[in-house]
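Peer 1: structure-v3.cif is the file, holding mmCIF, C-alpha atoms (C1' of nucleotides):
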data_query
loop_
_atom_site.label_atom_id
_atom_site.label_comp_id
_atom_site.auth_asym_id
_atom_site.auth_seq_id
_atom_site.Cartn_x
_atom_site.Cartn_y
_atom_site.Cartn_z
CA MET A 29 -9.84 -9.50 -13.75
CA LEU A 30 -10.07 -11.10 -10.33
CA GLU A 31 -12.01 -14.12 -11.45
CA GLU A 32 -10.23 -15.04 -14.66
CA GLY A 33 -7.09 -12.91 -14.80
CA TYR A 34 -6.14 -9.75 -16.64
CA ALA A 35 -5.81 -11.60 -19.93
CA ALA A 36 -9.50 -12.48 -19.78
CA VAL A 37 -10.44 -8.81 -19.62
CA SER A 38 -11.41 -8.04 -23.20
CA SER A 39 -13.03 -5.00 -24.69
CA ARG A 40 -16.08 -7.07 -25.55
CA ARG A 41 -16.56 -8.35 -22.03
CA VAL A 42 -16.00 -4.93 -20.50
CA ALA A 43 -18.64 -3.58 -22.86
CA ALA A 44 -21.05 -6.36 -21.95
CA GLU A 45 -20.52 -5.82 -18.23
CA ALA A 46 -21.07 -2.09 -18.64
CA GLY A 47 -24.10 -2.69 -20.82
CA VAL A 48 -22.68 -0.69 -23.71
CA ASN A 49 -21.28 -1.33 -27.14
CA VAL A 50 -17.71 -2.47 -27.83
CA ALA A 51 -16.92 0.60 -29.84
CA LEU A 52 -17.75 2.78 -26.87
CA VAL A 53 -15.01 1.16 -24.85
CA TYR A 54 -12.54 2.26 -27.51
CA TYR A 55 -14.04 5.72 -27.47
CA TYR A 56 -12.94 6.11 -23.84
CA PHE A 57 -9.79 3.98 -23.94
CA ALA A 58 -7.73 3.92 -27.11
CA THR A 59 -6.28 0.53 -26.19
CA MET A 60 -6.91 -2.05 -23.51
CA ASP A 61 -3.62 -1.10 -21.88
CA GLU A 62 -4.95 2.39 -21.30
CA LEU A 63 -7.98 0.91 -19.62
CA PHE A 64 -5.72 -1.10 -17.32
CA LEU A 65 -3.65 1.98 -16.58
CA ALA A 66 -6.77 3.94 -15.63
CA LEU A 67 -7.97 1.07 -13.48
CA PHE A 68 -4.65 0.85 -11.72
CA ARG A 69 -4.39 4.58 -11.10
CA ARG A 70 -7.80 4.77 -9.50
CA GLY A 71 -7.12 1.83 -7.21
CA ALA A 72 -3.61 2.95 -6.34
CA GLN A 73 -4.73 6.47 -5.53
CA ARG A 74 -7.39 5.18 -3.16
CA SER A 75 -4.92 2.82 -1.51
CA LEU A 76 -2.47 5.66 -1.11
CA GLU A 77 -5.08 7.71 0.71
CA ARG A 78 -6.00 4.81 2.95
CA GLN A 79 -2.35 4.28 3.75
CA ALA A 80 -1.92 7.93 4.68
CA ILE A 81 -4.73 7.56 7.19
CA ALA A 82 -3.34 4.31 8.59
CA LEU A 83 0.11 5.85 9.01
CA SER A 84 -1.26 8.91 10.75
CA SER A 85 -2.51 6.72 13.57
CA PRO A 86 -0.82 7.18 16.96
CA GLN A 87 0.31 3.58 16.34
CA PRO A 88 1.69 3.74 12.81
CA LEU A 89 3.30 0.30 12.99
CA TRP A 90 -0.01 -1.28 13.87
CA GLY A 91 -1.64 0.86 11.23
CA LEU A 92 0.63 -0.30 8.45
CA TRP A 93 0.62 -3.91 9.58
CA ASP A 94 -3.15 -4.11 9.80
CA LEU A 95 -3.53 -2.37 6.48
CA THR A 96 -1.36 -4.85 4.62
CA HIS A 97 -2.36 -7.90 6.60
CA HIS A 98 -6.11 -7.39 6.86
CA GLY A 99 -6.95 -4.67 4.43
CA SER A 100 -5.28 -5.63 1.18
CA ASP A 101 -6.25 -8.05 -1.52
CA PRO A 102 -3.25 -9.93 -2.86
CA ALA A 103 -5.21 -11.08 -5.90
CA VAL A 104 -5.53 -7.54 -7.24
CA THR A 105 -1.91 -6.83 -6.50
CA MET A 106 -0.79 -10.05 -8.16
CA GLU A 107 -2.78 -9.42 -11.31
CA PHE A 108 -1.22 -6.01 -11.76
CA ILE A 109 2.26 -7.35 -11.08
CA ALA A 110 1.74 -10.11 -13.61
CA LEU A 111 0.42 -7.59 -16.11
CA ALA A 112 3.34 -5.27 -15.40
CA ASN A 113 5.82 -8.04 -16.10
CA HIS A 114 4.76 -7.87 -19.72
CA ARG A 115 3.80 -4.22 -20.27
CA LYS A 116 6.48 -1.60 -19.97
CA GLU A 117 4.17 1.36 -19.38
CA ILE A 118 2.22 -0.35 -16.65
CA ARG A 119 5.43 -1.44 -15.00
CA ALA A 120 6.63 2.16 -14.94
CA GLU A 121 3.34 3.34 -13.47
CA ILE A 122 3.42 0.75 -10.72
CA ALA A 123 7.02 1.58 -9.93
CA GLU A 124 6.13 5.25 -9.60
CA TYR A 125 3.27 4.55 -7.22
CA SER A 126 5.38 2.12 -5.24
CA ARG A 127 7.89 4.87 -4.64
CA LYS A 128 5.12 7.11 -3.35
CA PHE A 129 3.85 4.41 -1.02
CA ARG A 130 7.33 3.71 0.24
CA ALA A 131 8.23 7.37 0.71
CA LEU A 132 5.18 7.93 2.87
CA GLN A 133 5.90 4.80 4.91
CA LEU A 134 9.52 5.83 5.40
CA GLU A 135 8.64 9.33 6.47
CA LYS A 136 6.08 8.29 9.07
CA LEU A 137 7.81 5.19 10.37
CA SER A 138 11.38 6.41 10.61
CA ALA A 139 10.12 9.20 12.86
CA ALA A 140 8.13 6.76 14.98
CA LEU A 141 10.95 4.23 15.26
CA GLU A 142 13.40 6.90 16.27
CA HIS A 143 10.95 8.00 18.93
CA TYR A 144 10.69 4.41 20.17
CA GLY A 145 14.46 4.31 20.51
CA VAL A 146 15.05 1.68 17.80
CA ASP A 147 18.66 1.68 16.61
CA PRO A 148 18.54 2.61 12.90
CA GLU A 149 21.89 0.94 12.34
CA LEU A 150 20.59 -2.43 13.47
CA TRP A 151 16.98 -2.06 12.36
CA PRO A 152 16.63 0.54 9.61
CA ALA A 153 13.10 1.77 9.02
CA SER A 154 13.40 0.90 5.34
CA SER A 155 14.13 -2.72 6.24
CA ILE A 156 11.31 -3.02 8.74
CA ILE A 157 8.89 -1.67 6.14
CA LEU A 158 10.18 -3.99 3.45
CA MET A 159 10.11 -7.04 5.68
CA MET A 160 6.57 -6.37 6.87
CA ALA A 161 5.39 -5.91 3.30
CA GLY A 162 7.09 -9.04 2.01
CA ILE A 163 5.96 -11.23 4.87
CA SER A 164 2.35 -10.11 4.84
CA ARG A 165 2.06 -10.47 1.09
CA PHE A 166 3.53 -13.94 1.35
CA LEU A 167 1.07 -14.90 4.08
CA LEU A 168 -1.88 -13.72 2.03
CA ILE A 169 -0.78 -15.50 -1.12
CA GLU A 170 -0.29 -18.73 0.79
CA GLU A 171 -3.75 -18.38 2.32
CA ALA A 172 -5.20 -18.41 -1.17
CA PHE A 173 -3.56 -21.81 -1.61
CA GLU A 174 -4.90 -22.98 1.73
CA LEU A 175 -1.38 -23.21 3.11
CA ASP A 176 -0.82 -22.13 6.68
CA THR A 177 2.41 -23.71 7.91
CA GLY A 178 3.98 -21.30 10.35
CA HIS A 179 1.41 -18.57 9.74
CA LYS A 180 0.11 -18.39 13.28
CA GLU A 181 3.62 -18.37 14.74
CA THR A 182 4.79 -15.68 12.36
CA VAL A 183 1.86 -13.37 12.97
CA GLU A 184 2.41 -13.77 16.70
CA LEU A 185 6.12 -13.06 16.32
CA ILE A 186 5.52 -9.87 14.39
CA GLU A 187 2.70 -8.65 16.58
CA ARG A 188 4.78 -9.36 19.69
CA HIS A 189 7.48 -7.05 18.34
CA ILE A 190 5.01 -4.36 17.37
CA THR A 191 3.47 -4.59 20.83
CA ALA A 192 6.90 -4.19 22.40
CA LEU A 193 7.21 -0.85 20.63
CA GLU A 194 3.69 0.52 20.48
CA GLY A 195 1.84 -1.42 23.15
CA PRO A 196 -1.29 -3.44 22.44
CA ARG A 197 -3.26 -2.63 19.33
CA GLN A 198 -5.88 0.04 20.00
CA PRO A 199 -9.31 -0.79 18.59
CA GLY A 200 -10.27 0.86 15.37
CA HIS A 201 -7.44 -0.18 13.06
CA VAL A 202 -8.77 -3.43 11.79
CA GLU A 203 -12.25 -2.04 11.47
CA PHE A 204 -11.12 0.88 9.36
CA VAL A 205 -8.87 -1.24 7.31
CA SER A 206 -11.13 -4.10 6.38
CA GLN A 207 -13.87 -1.94 4.96
CA HIS A 208 -12.45 -2.16 1.46
CA ALA A 209 -9.59 -4.13 0.06
CA SER A 210 -6.55 -2.14 -1.02
CA MET A 211 -3.63 -2.75 -3.25
CA ASN A 212 -0.39 -3.55 -1.53
CA PHE A 213 2.72 -2.06 -3.12
CA MET B 17 5.35 -17.74 -20.78
CA LEU B 18 8.12 -15.59 -19.36
CA GLU B 19 8.05 -13.02 -22.10
CA GLU B 20 4.34 -12.51 -22.58
CA GLY B 21 2.62 -14.30 -19.74
CA TYR B 22 0.87 -17.64 -19.39
CA ALA B 23 -2.19 -16.38 -21.27
CA ALA B 24 -0.03 -15.82 -24.34
CA VAL B 25 0.97 -19.49 -24.38
CA SER B 26 -1.32 -20.95 -27.02
CA SER B 27 -1.37 -24.33 -28.66
CA ARG B 28 -0.50 -22.71 -31.99
CA ARG B 29 2.55 -20.91 -30.61
CA VAL B 30 3.77 -23.95 -28.71
CA ALA B 31 3.47 -25.93 -31.92
CA ALA B 32 5.34 -23.29 -33.87
CA GLU B 33 8.15 -23.13 -31.28
CA ALA B 34 8.44 -26.91 -31.32
CA GLY B 35 8.33 -26.99 -35.10
CA VAL B 36 5.35 -29.32 -35.19
CA ASN B 37 1.70 -29.16 -36.06
CA VAL B 38 -0.99 -27.82 -33.72
CA ALA B 39 -2.82 -31.11 -33.63
CA LEU B 40 0.28 -32.82 -32.29
CA VAL B 41 0.22 -30.61 -29.21
CA TYR B 42 -3.26 -31.93 -28.48
CA TYR B 43 -2.05 -35.45 -29.06
CA TYR B 44 0.32 -35.09 -26.09
CA PHE B 45 -1.74 -32.72 -23.95
CA ALA B 46 -5.51 -33.00 -24.03
CA THR B 47 -5.89 -29.39 -22.95
CA MET B 48 -3.59 -26.45 -22.44
CA ASP B 49 -4.06 -26.79 -18.68
CA GLU B 50 -2.51 -30.24 -18.82
CA LEU B 51 0.44 -28.78 -20.63
CA PHE B 52 0.85 -26.18 -17.88
CA LEU B 53 0.57 -28.88 -15.24
CA ALA B 54 3.30 -30.93 -16.90
CA LEU B 55 5.47 -27.84 -17.21
CA PHE B 56 4.99 -27.02 -13.56
CA ARG B 57 5.68 -30.53 -12.35
CA ARG B 58 8.95 -30.75 -14.22
CA GLY B 59 10.17 -27.41 -12.92
CA ALA B 60 8.98 -28.01 -9.38
CA GLN B 61 10.60 -31.41 -9.22
CA ARG B 62 13.94 -29.98 -10.31
CA SER B 63 13.66 -27.13 -7.82
CA LEU B 64 12.86 -29.60 -5.08
CA GLU B 65 16.02 -31.53 -5.84
CA ARG B 66 18.11 -28.38 -5.88
CA GLN B 67 16.62 -27.38 -2.57
CA ALA B 68 17.48 -30.73 -1.05
CA ILE B 69 21.10 -30.19 -2.02
CA ALA B 70 21.13 -26.61 -0.71
CA LEU B 71 19.66 -27.71 2.63
CA SER B 72 22.16 -30.52 3.00
CA SER B 73 24.95 -27.99 3.14
CA PRO B 74 26.82 -27.68 6.47
CA GLN B 75 25.32 -24.15 6.42
CA PRO B 76 21.66 -24.80 5.62
CA LEU B 77 20.55 -21.26 6.41
CA TRP B 78 23.02 -19.87 3.90
CA GLY B 79 21.99 -22.59 1.51
CA LEU B 80 18.32 -21.73 1.62
CA TRP B 81 18.90 -18.00 1.58
CA ASP B 82 21.22 -18.13 -1.41
CA LEU B 83 18.89 -20.46 -3.23
CA THR B 84 15.89 -18.16 -2.93
CA HIS B 85 17.80 -14.92 -3.19
CA HIS B 86 20.19 -15.73 -6.01
CA GLY B 87 18.93 -18.92 -7.55
CA SER B 88 15.26 -18.40 -8.15
CA ASP B 89 13.39 -16.62 -10.86
CA PRO B 90 10.42 -14.72 -9.48
CA ALA B 91 8.94 -14.34 -12.96
CA VAL B 92 8.36 -18.08 -13.33
CA THR B 93 6.96 -18.28 -9.85
CA MET B 94 4.68 -15.32 -10.42
CA GLU B 95 3.31 -16.70 -13.65
CA PHE B 96 2.37 -19.95 -12.01
CA ILE B 97 0.79 -18.21 -9.04
CA ALA B 98 -1.22 -16.00 -11.36
CA LEU B 99 -2.27 -19.04 -13.36
CA ALA B 100 -3.14 -20.91 -10.19
CA ASN B 101 -5.39 -18.09 -9.04
CA HIS B 102 -7.72 -19.00 -11.87
CA ARG B 103 -7.26 -22.77 -12.30
CA LYS B 104 -8.29 -25.01 -9.48
CA GLU B 105 -6.23 -28.03 -10.51
CA ILE B 106 -3.06 -26.05 -10.91
CA ARG B 107 -3.65 -24.38 -7.55
CA ALA B 108 -3.96 -27.78 -5.90
CA GLU B 109 -0.77 -28.99 -7.57
CA ILE B 110 1.20 -25.96 -6.45
CA ALA B 111 -0.14 -26.30 -2.92
CA GLU B 112 0.97 -29.90 -2.82
CA TYR B 113 4.48 -29.07 -3.98
CA SER B 114 4.67 -26.13 -1.60
CA ARG B 115 3.99 -28.47 1.29
CA LYS B 116 6.83 -30.70 0.13
CA PHE B 117 9.20 -27.75 -0.11
CA ARG B 118 8.18 -26.52 3.30
CA ALA B 119 8.39 -29.91 4.96
CA LEU B 120 11.94 -30.38 3.76
CA GLN B 121 12.90 -26.88 4.89
CA LEU B 122 11.35 -27.43 8.31
CA GLU B 123 13.06 -30.75 8.81
CA LYS B 124 16.53 -29.50 7.96
CA LEU B 125 16.31 -26.08 9.52
CA SER B 126 14.60 -26.89 12.79
CA ALA B 127 17.41 -29.33 13.51
CA ALA B 128 20.03 -26.75 12.59
CA LEU B 129 18.43 -23.96 14.59
CA GLU B 130 18.11 -26.16 17.64
CA HIS B 131 21.78 -26.99 17.28
CA TYR B 132 22.60 -23.27 17.11
CA GLY B 133 20.69 -22.76 20.35
CA VAL B 134 17.93 -20.62 18.88
CA ASP B 135 14.88 -20.48 21.18
CA PRO B 136 12.02 -22.07 19.20
CA GLU B 137 9.47 -20.21 21.32
CA LEU B 138 10.82 -16.83 20.29
CA TRP B 139 12.02 -17.74 16.80
CA PRO B 140 10.23 -20.82 15.46
CA ALA B 141 11.87 -22.47 12.49
CA SER B 142 8.61 -22.25 10.55
CA SER B 143 8.60 -18.47 10.99
CA ILE B 144 12.20 -17.99 10.02
CA ILE B 145 11.60 -20.01 6.86
CA LEU B 146 8.45 -18.11 6.02
CA MET B 147 10.03 -14.72 6.63
CA MET B 148 13.08 -15.52 4.53
CA ALA B 149 10.88 -16.72 1.68
CA GLY B 150 8.57 -13.73 1.80
CA ILE B 151 11.32 -11.17 2.05
CA SER B 152 13.47 -12.63 -0.70
CA ARG B 153 10.54 -12.97 -3.07
CA PHE B 154 9.57 -9.39 -2.36
CA LEU B 155 13.12 -8.19 -3.03
CA LEU B 156 13.25 -10.00 -6.36
CA ILE B 157 9.89 -8.72 -7.51
CA GLU B 158 10.85 -5.17 -6.65
CA GLU B 159 14.10 -5.55 -8.55
CA ALA B 160 12.07 -6.30 -11.67
CA PHE B 161 10.47 -2.90 -11.18
CA GLU B 162 13.86 -1.28 -10.66
CA LEU B 163 12.94 -0.47 -7.07
CA ASP B 164 15.64 -0.81 -4.45
CA THR B 165 14.66 1.25 -1.43
CA GLY B 166 15.96 -0.54 1.64
CA HIS B 167 17.20 -3.53 -0.33
CA LYS B 168 20.83 -3.19 0.59
CA GLU B 169 20.04 -2.62 4.27
CA THR B 170 17.68 -5.58 4.41
CA VAL B 171 20.07 -8.00 2.75
CA GLU B 172 22.76 -6.88 5.18
CA LEU B 173 20.40 -7.30 8.13
CA ILE B 174 19.47 -10.82 7.16
CA GLU B 175 22.98 -11.89 6.29
CA ARG B 176 24.26 -10.44 9.55
CA HIS B 177 21.85 -12.69 11.43
CA ILE B 178 22.71 -15.73 9.36
CA THR B 179 26.40 -15.03 9.96
CA ALA B 180 25.78 -14.81 13.68
CA LEU B 181 24.47 -18.37 13.58
CA GLU B 182 26.48 -20.07 10.86
CA GLY B 183 29.53 -17.89 10.48
CA PRO B 184 30.54 -16.31 7.18
CA ARG B 185 29.22 -17.86 4.00
CA GLN B 186 31.49 -20.59 2.72
CA PRO B 187 32.21 -20.34 -0.98
CA GLY B 188 30.28 -22.64 -3.27
CA HIS B 189 26.71 -21.80 -2.40
CA VAL B 190 26.10 -18.95 -4.78
CA GLU B 191 27.97 -20.72 -7.53
CA PHE B 192 25.88 -23.85 -7.23
CA VAL B 193 22.73 -21.93 -6.92
CA SER B 194 22.98 -19.52 -9.80
CA GLN B 195 23.58 -22.17 -12.40
CA HIS B 196 19.90 -22.47 -13.21
CA ALA B 197 16.94 -20.51 -12.01
CA SER B 198 14.52 -22.35 -9.77
CA MET B 199 10.96 -21.88 -8.73
CA ASN B 200 10.46 -20.48 -5.31
CA PHE B 201 7.54 -21.91 -3.36
"C1'" DG C 18 3.03 -40.32 -34.27
"C1'" DT C 19 2.21 -36.70 -37.35
"C1'" DC C 20 -0.27 -34.45 -40.51
"C1'" DT C 21 -4.33 -31.68 -43.32
"C1'" DA C 22 -8.46 -29.59 -42.94
"C1'" DT C 23 -11.93 -27.62 -40.64
"C1'" DA C 24 -15.61 -25.85 -37.09
"C1'" DC C 25 -16.55 -22.53 -34.15
"C1'" DT C 26 -15.42 -18.70 -30.90
"C1'" DT C 27 -13.32 -14.65 -29.51
"C1'" DC C 28 -10.09 -11.08 -29.92
"C1'" DG C 29 -8.42 -5.85 -30.84
"C1'" DA C 30 -9.42 -2.23 -33.49
"C1'" DT C 31 -11.63 0.88 -37.03
"C1'" DA C 32 -15.00 3.32 -40.37
"C1'" DG C 33 -18.76 5.70 -40.52
"C1'" DA C 34 -24.01 6.54 -39.53
"C1'" DC C 35 -26.83 8.83 -36.17
"C1'" DG D 30 -21.51 10.14 -27.08
"C1'" DT D 31 -23.33 5.79 -28.83
"C1'" DC D 32 -24.27 2.75 -32.19
"C1'" DT D 33 -23.98 -0.90 -36.50
"C1'" DA D 34 -21.10 -3.31 -39.28
"C1'" DT D 35 -17.00 -5.21 -40.43
"C1'" DC D 36 -11.83 -6.54 -40.98
"C1'" DG D 37 -8.26 -9.79 -40.17
"C1'" DA D 38 -5.97 -12.39 -36.80
"C1'" DA D 39 -5.74 -15.75 -33.37
"C1'" DG D 40 -7.72 -18.91 -29.99
"C1'" DT D 41 -9.21 -24.21 -28.51
"C1'" DA D 42 -10.32 -28.34 -30.08
"C1'" DT D 43 -11.65 -32.32 -33.18
"C1'" DA D 44 -12.18 -35.64 -37.28
"C1'" DG D 45 -9.94 -38.32 -40.00
"C1'" DA D 46 -6.07 -39.46 -43.66
"C1'" DC D 47 -1.46 -41.29 -43.75
#
What is this file in structure tokens?
Peer 2:
Amino acid sequence: MLEEGYAAVSSRRVAAEAGVNVALVYYYFATMDELFLALFRRGAQRSLERQAIALSSPQPLWGLWDLTHHGSDPAVTMEFIALANHRKEIRAEIAEYSRKFRALQLEKLSAALEHYGVDPELWPASSIILMMAGISRFLLIEEAFELDTGHKETVELIERHITALEGPRQPGHVEFVSQHASMNF
Amino acid sequence: MLEEGYAAVSSRRVAAEAGVNVALVYYYFATMDELFLALFRRGAQRSLERQAIALSSPQPLWGLWDLTHHGSDPAVTMEFIALANHRKEIRAEIAEYSRKFRALQLEKLSAALEHYGVDPELWPASSIILMMAGISRFLLIEEAFELDTGHKETVELIERHITALEGPRQPGHVEFVSQHASMNF
DNA sequence: GTCTATACTTCGATAGAC
DNA sequence: GTCTATCGAAGTATAGAC
């Protein structure tokens, strides 16, 4: 899926990779879409758990930022988004998980931002979350194209603002986060 | 390509849509990748020209924001990014066009921002461009999933800041921009 | 330019033996 | 649970007539 795209994932190749027969793939997954759904659910569930840990940090802004910026693989995310654009059921599943991700982020971060004294009228938690997600995904996608115009400046800008609220990043975040790549919804 | 994804674009289906024979497709395009390259170049060139117009507005920030937020189709963009993740030549072509897009944006907007008195140390033009692009793409992708948490607040936040610099949006932008969907790189 | 005809590969999915 | 065997459809690409 990562190397050649979701459309290159065929029952035959899955079977070959697993060292089993094609028919066995259909024994476990009635259609290829069900296989993709199962794959997505497993990855999304793991990412959700990692996010819960990152957000429970005493520095939840750093936690979320490091998770998306250093601990997520845009290629996986992109493949599932592309797949979802053409499969209704997968789109619905991704939407459902996205809401879970977002709800958890909102809960943890709106409390933290209030505690930091950030005016929710000027800087709503939902906007800060959305902007961080959009920017970091964009940065990662551009990196894959070997584009880096403004990347350094933007990372500095964001991290300067996080530092203003939470102080310098405490060690541990990036290490935790970069152990395995997550999805980023 | 939009309905079923780039992988569903086959020589046979292209031929059928065009009402010609399969072999004729290969007469014009040696491989399917060349067809995709030609398709991308045509679209990117048009988008580049539209962007030049939008940035030549007396309100270039509004111009760029409206172009990406109301005048671009994330589905086209996503398909090409997904395709590029697996085809080296297409990735290189997209990277090249992205640099052109970005260079034009930087040229027009860094002049405008300096004129508005924005401190380039705190808010570099390259960062503002990158953030606007990332956020608007994220908003549009989420819309396709019928997700809208924080969308309204974020659009208001961004447009409030643009208004602070350029005053209220003058009519004409959105109209120009929503005539045809563009790519968004 | 445009076509017919064809070679060869791979696909999703199923029936039925073990 | 795991396999063999098979169906019909669709893919990329090419040779060569007109």
Peer 1: Give me, as an NGL selection string, all polymer residues having an atom no more than 9 Å from Thr105 of chain A, counting only C-alpha atoms (C1' of nucleotides) and skipping those fewer than 6 positions away in the same chain.
Peer 2: :A and (210-213)
Peer 1: Report as an MDAnalysis selection string the full result of the PyMOL selection byres ((chain B) within 12 of (chain C)) when it is applied to this structure.
Peer 2: chainID B and resid 35:44
Peer 1: Using only C-alpha atoms (C1' of nucleotides), select each residue of chain D with any atom at most 10 Å away from an atom of chain B, and give the selection as a VMD selection string.
Peer 2: chain D and resid 39 to 43
Peer 1: I'd like to see the residues matched by the PyMOL selection byres ((chain B) within 8 of (chain A)) on this file, and ideally I'd get them as a PyMOL selection string.
Peer 2: chain B and resi 19-21+23+91+94-95+98-99+101-102+107-108+110-111+115+118+138-140+142-143+146-147+149-155+160-163+165-167+169-170+173
Peer 1: For the residues in the current selection, export C-alpha atoms as a short mmCIF file (atom, residue, chain, number, x, y, z; two decimals), in the frame of the given file.
Peer 2:
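What ended up in part.cif:
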data_model
loop_
_atom_site.label_atom_id
_atom_site.label_comp_id
_atom_site.auth_asym_id
_atom_site.auth_seq_id
_atom_site.Cartn_x
_atom_site.Cartn_y
_atom_site.Cartn_z
CA GLU B 19 8.05 -13.02 -22.10
CA GLU B 20 4.34 -12.51 -22.58
CA GLY B 21 2.62 -14.30 -19.74
CA ALA B 23 -2.19 -16.38 -21.27
CA ALA B 91 8.94 -14.34 -12.96
CA MET B 94 4.68 -15.32 -10.42
CA GLU B 95 3.31 -16.70 -13.65
CA ALA B 98 -1.22 -16.00 -11.36
CA LEU B 99 -2.27 -19.04 -13.36
CA ASN B 101 -5.39 -18.09 -9.04
CA HIS B 102 -7.72 -19.00 -11.87
CA ARG B 107 -3.65 -24.38 -7.55
CA ALA B 108 -3.96 -27.78 -5.90
CA ILE B 110 1.20 -25.96 -6.45
CA ALA B 111 -0.14 -26.30 -2.92
CA ARG B 115 3.99 -28.47 1.29
CA ARG B 118 8.18 -26.52 3.30
CA LEU B 138 10.82 -16.83 20.29
CA TRP B 139 12.02 -17.74 16.80
CA PRO B 140 10.23 -20.82 15.46
CA SER B 142 8.61 -22.25 10.55
CA SER B 143 8.60 -18.47 10.99
CA LEU B 146 8.45 -18.11 6.02
CA MET B 147 10.03 -14.72 6.63
CA ALA B 149 10.88 -16.72 1.68
CA GLY B 150 8.57 -13.73 1.80
CA ILE B 151 11.32 -11.17 2.05
CA SER B 152 13.47 -12.63 -0.70
CA ARG B 153 10.54 -12.97 -3.07
CA PHE B 154 9.57 -9.39 -2.36
CA LEU B 155 13.12 -8.19 -3.03
CA ALA B 160 12.07 -6.30 -11.67
CA PHE B 161 10.47 -2.90 -11.18
CA GLU B 162 13.86 -1.28 -10.66
CA LEU B 163 12.94 -0.47 -7.07
CA THR B 165 14.66 1.25 -1.43
CA GLY B 166 15.96 -0.54 1.64
CA HIS B 167 17.20 -3.53 -0.33
CA GLU B 169 20.04 -2.62 4.27
CA THR B 170 17.68 -5.58 4.41
CA LEU B 173 20.40 -7.30 8.13
#
Peer 1: Taking only C-alpha atoms into account, name the residue in B:Glu182, B:Glu33, B:Glu50, B:Asp82 that is nearest to Tyr132 of chain B.
Peer 2: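 Going through B:Glu182, B:Glu33, B:Glu50, B:Asp82 one by one, the smallest distance to Tyr132 of chain B is for B:Glu182.
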Peer 1: Evaluate the PyMOL selection byres ((chain A and resi 95) around 10) and record the selected residues as an NGL selection string, following the chain and residue labels used in the document.
Peer 2: :A and (75 or 78-79 or 82-83 or 89-94 or 96-100 or 164 or 201-202 or 204-206 or 209-212)
Peer 1: For the residues in the current selection, export C-alpha atoms as a PDB file, in the coordinates of the input.
Peer 2:
ATOM      1  CA  SER A  75      -4.920   2.820  -1.510  1.00  0.00           C
ATOM      2  CA  ARG A  78      -6.000   4.810   2.950  1.00  0.00           C
ATOM      3  CA  GLN A  79      -2.350   4.280   3.750  1.00  0.00           C
ATOM      4  CA  ALA A  82      -3.340   4.310   8.590  1.00  0.00           C
ATOM      5  CA  LEU A  83       0.110   5.850   9.010  1.00  0.00           C
ATOM      6  CA  LEU A  89       3.300   0.300  12.990  1.00  0.00           C
ATOM      7  CA  TRP A  90      -0.010  -1.280  13.870  1.00  0.00           C
ATOM      8  CA  GLY A  91      -1.640   0.860  11.230  1.00  0.00           C
ATOM      9  CA  LEU A  92       0.630  -0.300   8.450  1.00  0.00           C
ATOM     10  CA  TRP A  93       0.620  -3.910   9.580  1.00  0.00           C
ATOM     11  CA  ASP A  94      -3.150  -4.110   9.800  1.00  0.00           C
ATOM     12  CA  THR A  96      -1.360  -4.850   4.620  1.00  0.00           C
ATOM     13  CA  HIS A  97      -2.360  -7.900   6.600  1.00  0.00           C
ATOM     14  CA  HIS A  98      -6.110  -7.390   6.860  1.00  0.00           C
ATOM     15  CA  GLY A  99      -6.950  -4.670   4.430  1.00  0.00           C
ATOM     16  CA  SER A 100      -5.280  -5.630   1.180  1.00  0.00           C
ATOM     17  CA  SER A 164       2.350 -10.110   4.840  1.00  0.00           C
ATOM     18  CA  HIS A 201      -7.440  -0.180  13.060  1.00  0.00           C
ATOM     19  CA  VAL A 202      -8.770  -3.430  11.790  1.00  0.00           C
ATOM     20  CA  PHE A 204     -11.120   0.880   9.360  1.00  0.00           C
ATOM     21  CA  VAL A 205      -8.870  -1.240   7.310  1.00  0.00           C
ATOM     22  CA  SER A 206     -11.130  -4.100   6.380  1.00  0.00           C
ATOM     23  CA  ALA A 209      -9.590  -4.130   0.060  1.00  0.00           C
ATOM     24  CA  SER A 210      -6.550  -2.140  -1.020  1.00  0.00           C
ATOM     25  CA  MET A 211      -3.630  -2.750  -3.250  1.00  0.00           C
ATOM     26  CA  ASN A 212      -0.390  -3.550  -1.530  1.00  0.00           C
TER      27      ASN A 212
END
Peer 1: I'd like the interatomic distance between atom CA of Ile178 of chain B and atom CA of Leu125 of chain B, to a tenth of an Å.
Peer 2: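 These atoms are spaced 12.2 Å apart.
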Peer 1: Any idea what the distance is between atom CA of Val30 of chain B and atom CA of Phe52 of chain B?
Peer 2: 11.4 Å
Peer 1: At what distance in Å, to one decimal, does atom CA of Leu168 of chain A lie from atom CA of Arg57 of chain B?
Peer 2: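 Spanning atom CA of Arg57 of chain B to atom CA of Leu168 of chain A is a straight-line distance of 23.4 Å.
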